[in-house]
Structures are given as structure tokens and as C-alpha cells.
Amino acid sequence: MTILVTGATGNVGRNVVDQLVQRGADVRALVRDPAKATLPAGVHVVQGDLLDVDALRAAFSGVSTLFLLNAVVPDEFTQALLTLGVAREAGVRRVVYLSVIHSDVYVNVPHFAGKFGVERMIEAMGFEATVLRPAYFMDNEHTIKDAITGYGIYPMPIGAKGVAMIDARDIGEIAAIELVRREASAEPLPSERINLVGPDTLTGADAAAIWSDVLGRPIAYPGDDVAAFEQNLRQFMPSWMAFDMRLMGERFVSDGMVPEAGDVERLTTLLGRPLRTYRDFVAEIVG
């Protein structure tokens with residue numbers, strides 16, 4: 001039987017595909033442009049997107065398990081519900097969905113609220129599902145590395161409550177473990193949610209201190225100016241997305257992204273190894 005991966009060429013999705021291939025799974029990847037996919041040999045690449053119902057129906061033929069990841073776009077919720085509807089039509093029962101931590105808390109942040117709505121629909125539609133709820137991706141730091149090294153500041157407004165950043169490679173491996181576990185089970189497995197967090201919960205000052213140590217020169221945390229954050233983002237993303245990210249930044253400051261008791265231990269057991277640390281990630285990308 002076959003596992004269908006959506007978002008297969010993105011940062012997390014590519015890690016999921018790689019990990020599934022390593023585990024000998026039969027993988028099908030839904031991509032917009034197969035010519036640019038560059039996925040591992042043996043992956044069955046199909047063209048389409050999550051608003052193309054005909055392409056979805058073709059992609060789901062013979063599929064037994066779905067990994068659902070869709071991008072932060074204005075119609076994210078519609079894309080997810082269409083995909084789930086076609087999956088159910090095709091007889092797919094098993095789903096691993098990439099949501100976000102505190103999706104039920106950051107209720108005013110559009111892409112969090114949308115993901116929580118998808119979680120509710122997965123439950124209401126009767127899928128056997130693992131909902132993965134990742135915290136902030138360490139990999140986001142690729143986008144701010146030049147600002148950090150060039151201006152000597154850590155510009156993400158992550159606040160003083162703490163954010164449990166996780167490496168996308170750990171997310172991909174955990175997702176693959178869950179997909180294979182569900183795919184291999186002869187009996188239906190109960191649905192569950194898993195918070196995906198890193199081993200350390202870091203404040204803005206903590207992140208700046210780690211960059212300072214790795215670079216060997218002072219990096220400052222200028223504070224929680226979410227208005228300036230929004231204006232900076234508007235230089236390279238649509239205004240709606242920049243505002244969405246500002247609202248998320250406000251919740252970083254007011255609520256943080258703090259793990260629940262036992263989250264780190266659960267993930268360490270699942271992986272059979274320690275989670276990747278933020279310090280090691282920073283050292284790697286500074287390289």
C-alpha cells in the first residue's frame with residue numbers, strides 16, 4: 001500500500017519523504033511541478049495541487065495513508081478540507097496531519113485557527129489520525145541569518161516566555177515513524193496528538209546569547225517590537241501574511257510556545273535519540 005505526501009518538496013515534506021524512503025515505504029508525492037521536484041529515486045511523483053479535485057482523485061488511487069501538510073495561504077483551510085474529502089471518498093482512513101502547537105490557544109492568528117479547524121474536521125470525519133503539533137521551526141533562522149550576522153541583532157520577537165524550537169529534520173523523522181506505524185497496523189489505531197518541541201525552551205535573549213557564543217561577538221535582542229516585525233516582513237511577503245505573522249509574534253510574547261510536561265521525553269523515546277539542539281543548529285548554519 002502507498003503513503004501519499006502533500007507538501008513533499010518543502011522543508012518538512014522533503015524530510016518526511018526522505019525518512020519514508022529510508023524505511024522502505026511506498027511513497028507517492030503530490031507536487032505542483034514534477035520537473036522541479038528532485039525527490040529520491042523510487043518516489044512516485046504526481047502533478048497537482050490541493051485545489052485540483054481531479055488531480056487529487058488520481059493521486060489518491062491506491063493510497064492507504066495520507067500525510068497532510070499544506071502551506072500558509074489564504075485558502076489553507078479550504079485546501080485541507082478538499083483533500084480530506086477526496087481522501088475519505090477514496091477510502092483512506094489513516095492520516096498524519098501537520099498542525100501547529102497551541103492551535104487552540106493562538107485563536108486570533110489566522111493560520112493557527114485554520115489548522116485547529118482542520119484538526120476538528122479530521123476528528124469529525126472519523127479518520128484514524130496522528131495530529132502533529134510542532135513549535136517554532138529552527139529552520140526559520142535561515143531567513144534571518146543575514147540580519148543577525150550583518151546587523152548584530154536577533155530580530156524575531158519571540159519574547160520572554162520561551163519558545164521550544166524544533167529542527168525540521170526531527171519533525172520529518174517523527175512524521176515518518178507515525179506514518180509507518182499507522183500504515184503497518186492491521187488494526188485501527190486510536191487517534192492522538194503529539195506536541196513537537198525541541199529540547200530547550202528559549203527566550204529572545206537566550207537565542208541572542210547562543211548566536212553571540214557561536215559567532216564570537218555580541219548579538220543583541222532588541223525586544224518585542226511586533227509592529228517593526230510586521231513592517232520588515234511586508235518587504236518580501238503579502239500584507240495579509242505579514243499581519244498574520246505579527247499576530248503570531250504577539251502571542252509569542254504573551255503566551256510563549258512552552259512544552260507540556262513529558263513532551264521532550266516522549267519525543268526522545270520515539271526517536272530513540274536526543275532531539276537536535278538550537279545551539280548545534282546555529283553552529284551548523286553559520287558553518
# chains A, B, ... in the order shown; residues from 1 in each chain; ligands from 1

$ residues_around --residues "Gln79 (chain A)" --least-positions-apart "3" --cutoff "10 Å" --atoms "only C-alpha atoms" --output "PDB file with all heavy atoms, in the first residue's frame"
ATOM      1  N   ASP A  49      -2.365  20.010  -7.296  1.00  0.00           N
ATOM      2  CA  ASP A  49      -2.357  20.813  -6.077  1.00  0.00           C
ATOM      3  C   ASP A  49      -3.637  20.541  -5.311  1.00  0.00           C
ATOM      4  O   ASP A  49      -4.521  19.806  -5.783  1.00  0.00           O
ATOM      5  CB  ASP A  49      -2.175  22.301  -6.379  1.00  0.00           C
ATOM      6  CG  ASP A  49      -3.316  22.887  -7.210  1.00  0.00           C
ATOM      7  OD1 ASP A  49      -4.471  22.870  -6.727  1.00  0.00           O
ATOM      8  OD2 ASP A  49      -3.060  23.360  -8.329  1.00  0.00           O
ATOM      9  N   LEU A  50      -3.745  21.127  -4.131  1.00  0.00           N
ATOM     10  CA  LEU A  50      -4.831  20.754  -3.218  1.00  0.00           C
ATOM     11  C   LEU A  50      -6.163  21.418  -3.541  1.00  0.00           C
ATOM     12  O   LEU A  50      -7.149  21.188  -2.835  1.00  0.00           O
ATOM     13  CB  LEU A  50      -4.418  21.067  -1.767  1.00  0.00           C
ATOM     14  CG  LEU A  50      -3.138  20.380  -1.289  1.00  0.00           C
ATOM     15  CD1 LEU A  50      -2.933  20.621   0.202  1.00  0.00           C
ATOM     16  CD2 LEU A  50      -3.167  18.895  -1.589  1.00  0.00           C
ATOM     17  N   LEU A  51      -6.217  22.200  -4.612  1.00  0.00           N
ATOM     18  CA  LEU A  51      -7.489  22.743  -5.089  1.00  0.00           C
ATOM     19  C   LEU A  51      -7.961  22.061  -6.375  1.00  0.00           C
ATOM     20  O   LEU A  51      -9.036  22.361  -6.876  1.00  0.00           O
ATOM     21  CB  LEU A  51      -7.372  24.254  -5.327  1.00  0.00           C
ATOM     22  CG  LEU A  51      -7.146  25.115  -4.076  1.00  0.00           C
ATOM     23  CD1 LEU A  51      -6.939  26.569  -4.479  1.00  0.00           C
ATOM     24  CD2 LEU A  51      -8.324  24.999  -3.109  1.00  0.00           C
ATOM     25  N   ASP A  52      -7.140  21.147  -6.892  1.00  0.00           N
ATOM     26  CA  ASP A  52      -7.451  20.441  -8.135  1.00  0.00           C
ATOM     27  C   ASP A  52      -8.043  19.076  -7.773  1.00  0.00           C
ATOM     28  O   ASP A  52      -7.323  18.113  -7.536  1.00  0.00           O
ATOM     29  CB  ASP A  52      -6.177  20.290  -8.967  1.00  0.00           C
ATOM     30  CG  ASP A  52      -6.430  19.664 -10.331  1.00  0.00           C
ATOM     31  OD1 ASP A  52      -7.482  19.015 -10.509  1.00  0.00           O
ATOM     32  OD2 ASP A  52      -5.553  19.810 -11.205  1.00  0.00           O
ATOM     33  N   VAL A  53      -9.363  19.012  -7.729  1.00  0.00           N
ATOM     34  CA  VAL A  53     -10.039  17.794  -7.254  1.00  0.00           C
ATOM     35  C   VAL A  53      -9.751  16.613  -8.172  1.00  0.00           C
ATOM     36  O   VAL A  53      -9.556  15.485  -7.699  1.00  0.00           O
ATOM     37  CB  VAL A  53     -11.551  18.046  -7.108  1.00  0.00           C
ATOM     38  CG1 VAL A  53     -12.292  16.745  -6.792  1.00  0.00           C
ATOM     39  CG2 VAL A  53     -11.808  19.074  -6.006  1.00  0.00           C
ATOM     40  N   ASN A  70      -0.116  21.464   4.334  1.00  0.00           N
ATOM     41  CA  ASN A  70      -0.365  22.483   3.329  1.00  0.00           C
ATOM     42  C   ASN A  70       0.109  23.839   3.821  1.00  0.00           C
ATOM     43  O   ASN A  70       0.174  24.114   5.012  1.00  0.00           O
ATOM     44  CB  ASN A  70      -1.811  22.510   2.834  1.00  0.00           C
ATOM     45  CG  ASN A  70      -2.843  22.663   3.908  1.00  0.00           C
ATOM     46  OD1 ASN A  70      -2.739  22.085   4.980  1.00  0.00           O
ATOM     47  ND2 ASN A  70      -3.881  23.423   3.626  1.00  0.00           N
ATOM     48  N   ALA A  71       0.488  24.661   2.858  1.00  0.00           N
ATOM     49  CA  ALA A  71       1.200  25.901   3.149  1.00  0.00           C
ATOM     50  C   ALA A  71       0.285  26.939   3.776  1.00  0.00           C
ATOM     51  O   ALA A  71      -0.944  26.848   3.714  1.00  0.00           O
ATOM     52  CB  ALA A  71       1.806  26.452   1.858  1.00  0.00           C
ATOM     53  N   VAL A  73      -1.448  29.835   3.261  1.00  0.00           N
ATOM     54  CA  VAL A  73      -2.008  30.576   2.129  1.00  0.00           C
ATOM     55  C   VAL A  73      -3.419  31.011   2.519  1.00  0.00           C
ATOM     56  O   VAL A  73      -3.990  30.488   3.489  1.00  0.00           O
ATOM     57  CB  VAL A  73      -2.045  29.703   0.850  1.00  0.00           C
ATOM     58  CG1 VAL A  73      -0.642  29.462   0.320  1.00  0.00           C
ATOM     59  CG2 VAL A  73      -2.743  28.372   1.119  1.00  0.00           C
ATOM     60  N   PRO A  74      -4.014  31.973   1.804  1.00  0.00           N
ATOM     61  CA  PRO A  74      -5.336  32.455   2.226  1.00  0.00           C
ATOM     62  C   PRO A  74      -6.404  31.369   2.274  1.00  0.00           C
ATOM     63  O   PRO A  74      -7.316  31.429   3.101  1.00  0.00           O
ATOM     64  CB  PRO A  74      -5.672  33.516   1.166  1.00  0.00           C
ATOM     65  CG  PRO A  74      -4.358  33.989   0.671  1.00  0.00           C
ATOM     66  CD  PRO A  74      -3.463  32.784   0.700  1.00  0.00           C
ATOM     67  N   ASP A  75      -6.308  30.368   1.395  1.00  0.00           N
ATOM     68  CA  ASP A  75      -7.330  29.319   1.359  1.00  0.00           C
ATOM     69  C   ASP A  75      -6.813  28.010   1.951  1.00  0.00           C
ATOM     70  O   ASP A  75      -7.225  26.923   1.536  1.00  0.00           O
ATOM     71  CB  ASP A  75      -7.850  29.108  -0.067  1.00  0.00           C
ATOM     72  CG  ASP A  75      -6.735  28.885  -1.079  1.00  0.00           C
ATOM     73  OD1 ASP A  75      -5.568  28.752  -0.649  1.00  0.00           O
ATOM     74  OD2 ASP A  75      -7.029  28.854  -2.278  1.00  0.00           O
ATOM     75  N   GLU A  76      -5.928  28.091   2.923  1.00  0.00           N
ATOM     76  CA  GLU A  76      -5.345  26.899   3.549  1.00  0.00           C
ATOM     77  C   GLU A  76      -6.426  25.948   4.075  1.00  0.00           C
ATOM     78  O   GLU A  76      -6.345  24.731   3.889  1.00  0.00           O
ATOM     79  CB  GLU A  76      -4.419  27.318   4.686  1.00  0.00           C
ATOM     80  CG  GLU A  76      -3.797  26.161   5.457  1.00  0.00           C
ATOM     81  CD  GLU A  76      -2.869  26.613   6.572  1.00  0.00           C
ATOM     82  OE1 GLU A  76      -2.638  27.827   6.728  1.00  0.00           O
ATOM     83  OE2 GLU A  76      -2.367  25.731   7.301  1.00  0.00           O
ATOM     84  N   LEU A  82     -10.823  20.022   1.248  1.00  0.00           N
ATOM     85  CA  LEU A  82     -10.979  19.338  -0.037  1.00  0.00           C
ATOM     86  C   LEU A  82     -10.149  18.053  -0.063  1.00  0.00           C
ATOM     87  O   LEU A  82     -10.626  16.999  -0.512  1.00  0.00           O
ATOM     88  CB  LEU A  82     -10.556  20.249  -1.185  1.00  0.00           C
ATOM     89  CG  LEU A  82     -11.495  21.406  -1.547  1.00  0.00           C
ATOM     90  CD1 LEU A  82     -10.838  22.298  -2.585  1.00  0.00           C
ATOM     91  CD2 LEU A  82     -12.827  20.876  -2.061  1.00  0.00           C
ATOM     92  N   THR A  83      -8.921  18.143   0.411  1.00  0.00           N
ATOM     93  CA  THR A  83      -8.041  16.969   0.409  1.00  0.00           C
ATOM     94  C   THR A  83      -8.600  15.874   1.302  1.00  0.00           C
ATOM     95  O   THR A  83      -8.612  14.691   0.922  1.00  0.00           O
ATOM     96  CB  THR A  83      -6.628  17.366   0.873  1.00  0.00           C
ATOM     97  OG1 THR A  83      -6.166  18.445   0.051  1.00  0.00           O
ATOM     98  CG2 THR A  83      -5.665  16.192   0.752  1.00  0.00           C
ATOM     99  N   LEU A  84      -9.075  16.244   2.472  1.00  0.00           N
ATOM    100  CA  LEU A  84      -9.668  15.246   3.371  1.00  0.00           C
ATOM    101  C   LEU A  84     -10.932  14.645   2.766  1.00  0.00           C
ATOM    102  O   LEU A  84     -11.186  13.440   2.903  1.00  0.00           O
ATOM    103  CB  LEU A  84      -9.979  15.877   4.727  1.00  0.00           C
ATOM    104  CG  LEU A  84      -8.768  16.273   5.574  1.00  0.00           C
ATOM    105  CD1 LEU A  84      -9.217  17.092   6.774  1.00  0.00           C
ATOM    106  CD2 LEU A  84      -7.991  15.033   6.034  1.00  0.00           C
ATOM    107  N   GLY A  85     -11.722  15.466   2.086  1.00  0.00           N
ATOM    108  CA  GLY A  85     -12.942  14.956   1.461  1.00  0.00           C
ATOM    109  C   GLY A  85     -12.639  13.943   0.368  1.00  0.00           C
ATOM    110  O   GLY A  85     -13.284  12.883   0.279  1.00  0.00           O
ATOM    111  N   VAL A 118      -8.965  22.364  10.958  1.00  0.00           N
ATOM    112  CA  VAL A 118      -8.676  21.110  10.255  1.00  0.00           C
ATOM    113  C   VAL A 118      -8.598  19.951  11.255  1.00  0.00           C
ATOM    114  O   VAL A 118      -9.126  18.858  10.993  1.00  0.00           O
ATOM    115  CB  VAL A 118      -7.365  21.225   9.449  1.00  0.00           C
ATOM    116  CG1 VAL A 118      -7.015  19.886   8.791  1.00  0.00           C
ATOM    117  CG2 VAL A 118      -7.487  22.311   8.387  1.00  0.00           C
TER     118      VAL A 118
END

$ residues_around --residues "Val100 (chain A)" --least-positions-apart "3" --cutoff "6 Å" --atoms "only C-alpha atoms" --output "list in words"
Ser103, Arg133 and Pro134 of chain A

$ write_last_selection --atoms "C-alpha atoms" --output "short mmCIF file (atom, residue, chain, number, x, y, z; two decimals), in the first residue's frame"
data_model
loop_
_atom_site.label_atom_id
_atom_site.label_comp_id
_atom_site.auth_asym_id
_atom_site.auth_seq_id
_atom_site.Cartn_x
_atom_site.Cartn_y
_atom_site.Cartn_z
CA SER A 103 -3.51 25.86 17.68
CA ARG A 133 1.71 19.99 16.60
CA PRO A 134 5.18 21.48 16.01
#

$ closest_atom_pairs --of "region 206-230 of chain A" --to "region 249-256 of chain A" --cutoff "9 Å" --atoms "only C-alpha atoms" --output "CSV"
residue,atom,partner,partner_atom,distance
A:Asp224,CA,A:Val253,CA,7.0
A:Asp225,CA,A:Gly249,CA,8.9
A:Val226,CA,A:Gly249,CA,6.2
A:Phe229,CA,A:Gly249,CA,8.3

$ write_last_selection --atoms "N, CA and C atoms" --output "compact mmCIF listing (two decimals), in the first residue's frame"
# COMPACT_ATOMS: atom_id res chain seq x y z
N ASP A 224 10.61 43.19 21.82
CA ASP A 224 9.42 42.55 21.27
C ASP A 224 8.59 43.51 20.42
N ASP A 225 9.25 44.21 19.50
CA ASP A 225 8.58 45.20 18.67
C ASP A 225 7.90 44.50 17.49
N VAL A 226 6.66 44.06 17.70
CA VAL A 226 5.96 43.31 16.66
C VAL A 226 5.53 44.21 15.50
N PHE A 229 8.42 44.30 13.28
CA PHE A 229 8.50 42.97 12.68
C PHE A 229 7.57 42.88 11.48

$ atom_distance --atom1 "CA of Pro218 (chain A)" --atom2 "CA of Gly152 (chain A)"
6.8 Å

$ select_by_dssp --residues "region 12-253 of chain A" --states "alpha helix (DSSP H)" --output "ChimeraX atom specification"
/A:12-22,53-59,76-89,110-124,145-151,168-184,204-215,226-233,239-253

$ select_by_dssp --residues "region 165-229 of chain A" --states "strand (DSSP E or B)" --output "list in words"
Ile166, Glu192, Arg193, Ile194, Asn195, Leu196, Leu202 and Ala220 of chain A

$ residues_around --residues "region 264-274 of chain A" --least-positions-apart "6" --cutoff "9 Å" --atoms "only C-alpha atoms" --output "MDAnalysis selection string"
chainID A and resid 170 173:174 177 194:200

$ write_last_selection --atoms "all heavy atoms" --output "mmCIF file, in the first residue's frame"
data_model
loop_
_atom_site.group_PDB
_atom_site.id
_atom_site.type_symbol
_atom_site.label_atom_id
_atom_site.label_comp_id
_atom_site.auth_asym_id
_atom_site.auth_seq_id
_atom_site.Cartn_x
_atom_site.Cartn_y
_atom_site.Cartn_z
ATOM 1 N N ASP A 170 13.938 16.627 12.669
ATOM 2 C CA ASP A 170 13.276 15.847 13.713
ATOM 3 C C ASP A 170 11.782 15.717 13.422
ATOM 4 O O ASP A 170 11.185 14.656 13.632
ATOM 5 C CB ASP A 170 13.495 16.488 15.087
ATOM 6 C CG ASP A 170 14.916 16.313 15.596
ATOM 7 O OD1 ASP A 170 15.660 15.481 15.036
ATOM 8 O OD2 ASP A 170 15.288 17.014 16.560
ATOM 9 N N GLU A 173 11.328 13.065 10.720
ATOM 10 C CA GLU A 173 11.546 11.701 11.189
ATOM 11 C C GLU A 173 10.382 11.219 12.047
ATOM 12 O O GLU A 173 9.925 10.078 11.897
ATOM 13 C CB GLU A 173 12.860 11.622 11.973
ATOM 14 C CG GLU A 173 13.241 10.195 12.349
ATOM 15 C CD GLU A 173 14.651 10.072 12.880
ATOM 16 O OE1 GLU A 173 15.446 11.030 12.759
ATOM 17 O OE2 GLU A 173 14.972 8.992 13.426
ATOM 18 N N ILE A 174 9.887 12.084 12.920
ATOM 19 C CA ILE A 174 8.747 11.707 13.757
ATOM 20 C C ILE A 174 7.515 11.443 12.890
ATOM 21 O O ILE A 174 6.780 10.474 13.107
ATOM 22 C CB ILE A 174 8.463 12.796 14.808
ATOM 23 C CG1 ILE A 174 9.624 12.873 15.809
ATOM 24 C CG2 ILE A 174 7.147 12.524 15.537
ATOM 25 C CD1 ILE A 174 9.651 14.155 16.620
ATOM 26 N N ILE A 177 7.869 8.071 11.257
ATOM 27 C CA ILE A 177 7.641 6.998 12.234
ATOM 28 C C ILE A 177 6.147 6.783 12.433
ATOM 29 O O ILE A 177 5.663 5.644 12.445
ATOM 30 C CB ILE A 177 8.342 7.340 13.570
ATOM 31 C CG1 ILE A 177 9.859 7.224 13.422
ATOM 32 C CG2 ILE A 177 7.842 6.427 14.696
ATOM 33 C CD1 ILE A 177 10.635 7.823 14.581
ATOM 34 N N ILE A 194 0.407 14.915 19.165
ATOM 35 C CA ILE A 194 1.768 14.925 19.680
ATOM 36 C C ILE A 194 2.343 16.327 19.499
ATOM 37 O O ILE A 194 2.417 16.835 18.373
ATOM 38 C CB ILE A 194 2.669 13.910 18.939
ATOM 39 C CG1 ILE A 194 2.089 12.495 19.012
ATOM 40 C CG2 ILE A 194 4.086 13.932 19.520
ATOM 41 C CD1 ILE A 194 2.881 11.465 18.202
ATOM 42 N N ASN A 195 2.735 16.939 20.611
ATOM 43 C CA ASN A 195 3.454 18.207 20.527
ATOM 44 C C ASN A 195 4.884 17.945 20.078
ATOM 45 O O ASN A 195 5.568 17.080 20.644
ATOM 46 C CB ASN A 195 3.483 18.911 21.884
ATOM 47 C CG ASN A 195 2.132 19.473 22.290
ATOM 48 O OD1 ASN A 195 1.280 19.727 21.453
ATOM 49 N ND2 ASN A 195 1.949 19.671 23.582
ATOM 50 N N LEU A 196 5.341 18.664 19.062
ATOM 51 C CA LEU A 196 6.708 18.519 18.559
ATOM 52 C C LEU A 196 7.516 19.731 19.010
ATOM 53 O O LEU A 196 7.287 20.851 18.537
ATOM 54 C CB LEU A 196 6.719 18.415 17.035
ATOM 55 C CG LEU A 196 5.896 17.289 16.418
ATOM 56 C CD1 LEU A 196 6.149 17.209 14.914
ATOM 57 C CD2 LEU A 196 6.188 15.955 17.073
ATOM 58 N N VAL A 197 8.432 19.483 19.924
ATOM 59 C CA VAL A 197 9.209 20.557 20.541
ATOM 60 C C VAL A 197 10.685 20.193 20.527
ATOM 61 O O VAL A 197 11.050 19.027 20.368
ATOM 62 C CB VAL A 197 8.757 20.808 21.989
ATOM 63 C CG1 VAL A 197 7.304 21.292 22.027
ATOM 64 C CG2 VAL A 197 8.913 19.546 22.843
ATOM 65 N N GLY A 198 11.521 21.195 20.701
ATOM 66 C CA GLY A 198 12.943 20.956 20.856
ATOM 67 C C GLY A 198 13.288 20.709 22.314
ATOM 68 O O GLY A 198 12.434 20.810 23.202
ATOM 69 N N PRO A 199 14.556 20.397 22.593
ATOM 70 C CA PRO A 199 14.950 20.053 23.959
ATOM 71 C C PRO A 199 15.053 21.247 24.886
ATOM 72 O O PRO A 199 15.105 21.081 26.109
ATOM 73 C CB PRO A 199 16.315 19.393 23.769
ATOM 74 C CG PRO A 199 16.857 20.017 22.526
ATOM 75 C CD PRO A 199 15.659 20.253 21.641
ATOM 76 N N ASP A 200 15.102 22.483 24.317
ATOM 77 C CA ASP A 200 15.281 23.690 25.124
ATOM 78 C C ASP A 200 14.183 24.703 24.808
ATOM 79 O O ASP A 200 13.799 24.865 23.652
ATOM 80 C CB ASP A 200 16.641 24.335 24.831
ATOM 81 C CG ASP A 200 17.790 23.351 24.982
ATOM 82 O OD1 ASP A 200 17.916 22.774 26.079
ATOM 83 O OD2 ASP A 200 18.530 23.141 23.999
#

$ residues_around --residues "Asp206 (chain A)" --least-positions-apart "4" --cutoff "10 Å" --atoms "only C-alpha atoms" --output "MDAnalysis selection string"
chainID A and resid 159:160 162 201:202 210:212 221

$ atom_distance --atom1 "CA of Gln47 (chain A)" --atom2 "CA of Asp33 (chain A)"
6.3 Å

$ closest_atom_pairs --of "region 14-58 of chain A" --to "region 182-192 of chain A" --cutoff "12 Å" --atoms "only C-alpha atoms" --output "JSON lines"
{"residue": "A:Leu20", "atom": "CA", "partner": "A:Glu183", "partner_atom": "CA", "distance": 11.3}
{"residue": "A:Arg23", "atom": "CA", "partner": "A:Ala184", "partner_atom": "CA", "distance": 11.7}
{"residue": "A:Gly24", "atom": "CA", "partner": "A:Ala184", "partner_atom": "CA", "distance": 11.8}
{"residue": "A:Ala25", "atom": "CA", "partner": "A:Glu183", "partner_atom": "CA", "distance": 9.1}
{"residue": "A:Asp26", "atom": "CA", "partner": "A:Glu183", "partner_atom": "CA", "distance": 10.3}
{"residue": "A:Val27", "atom": "CA", "partner": "A:Glu183", "partner_atom": "CA", "distance": 11.5}

$ write_last_selection --atoms "N, CA and C atoms" --output "PDB file, in the first residue's frame"
ATOM      1  N   LEU A  20      10.759   8.329   4.915  1.00  0.00           N
ATOM      2  CA  LEU A  20       9.912   7.214   4.481  1.00  0.00           C
ATOM      3  C   LEU A  20      10.671   6.296   3.527  1.00  0.00           C
ATOM      4  N   ARG A  23      12.902   4.011   5.204  1.00  0.00           N
ATOM      5  CA  ARG A  23      12.179   2.935   5.884  1.00  0.00           C
ATOM      6  C   ARG A  23      11.513   1.968   4.919  1.00  0.00           C
ATOM      7  N   GLY A  24      11.778   2.128   3.625  1.00  0.00           N
ATOM      8  CA  GLY A  24      11.263   1.192   2.635  1.00  0.00           C
ATOM      9  C   GLY A  24       9.805   1.360   2.288  1.00  0.00           C
ATOM     10  N   ALA A  25       9.229   2.528   2.602  1.00  0.00           N
ATOM     11  CA  ALA A  25       7.809   2.753   2.321  1.00  0.00           C
ATOM     12  C   ALA A  25       7.587   3.030   0.834  1.00  0.00           C
ATOM     13  N   ASP A  26       6.383   2.722   0.381  1.00  0.00           N
ATOM     14  CA  ASP A  26       5.955   3.053  -0.980  1.00  0.00           C
ATOM     15  C   ASP A  26       5.393   4.470  -0.930  1.00  0.00           C
ATOM     16  N   VAL A  27       6.106   5.438  -1.516  1.00  0.00           N
ATOM     17  CA  VAL A  27       5.784   6.852  -1.343  1.00  0.00           C
ATOM     18  C   VAL A  27       5.298   7.457  -2.656  1.00  0.00           C
TER      19      VAL A  27
END

$ atom_distance --atom1 "CA of Arg276 (chain A)" --atom2 "CA of Tyr136 (chain A)"
13.5 Å

$ residues_around --residues "Phe137 (chain A)" --least-positions-apart "3" --cutoff "8 Å" --atoms "only C-alpha atoms" --output "ChimeraX atom specification"
/A:134,140,165-168

$ write_last_selection --atoms "N, CA and C atoms" --output "short mmCIF file (atom, residue, chain, number, x, y, z; two decimals), in the first residue's frame"
data_model
loop_
_atom_site.label_atom_id
_atom_site.label_comp_id
_atom_site.auth_asym_id
_atom_site.auth_seq_id
_atom_site.Cartn_x
_atom_site.Cartn_y
_atom_site.Cartn_z
N PRO A 134 3.83 20.96 15.81
CA PRO A 134 5.18 21.48 16.01
C PRO A 134 5.18 22.90 16.56
N ASN A 140 13.56 28.34 10.45
CA ASN A 140 13.22 29.73 10.14
C ASN A 140 14.44 30.64 10.25
N MET A 165 11.92 25.60 20.23
CA MET A 165 12.19 25.44 18.80
C MET A 165 12.60 24.00 18.46
N ILE A 166 12.14 23.53 17.29
CA ILE A 166 12.45 22.17 16.85
C ILE A 166 13.03 22.18 15.44
N ASP A 167 13.94 21.26 15.18
CA ASP A 167 14.58 21.10 13.88
C ASP A 167 13.63 20.37 12.93
N ALA A 168 13.50 20.85 11.70
CA ALA A 168 12.61 20.22 10.72
C ALA A 168 12.99 18.77 10.43
#
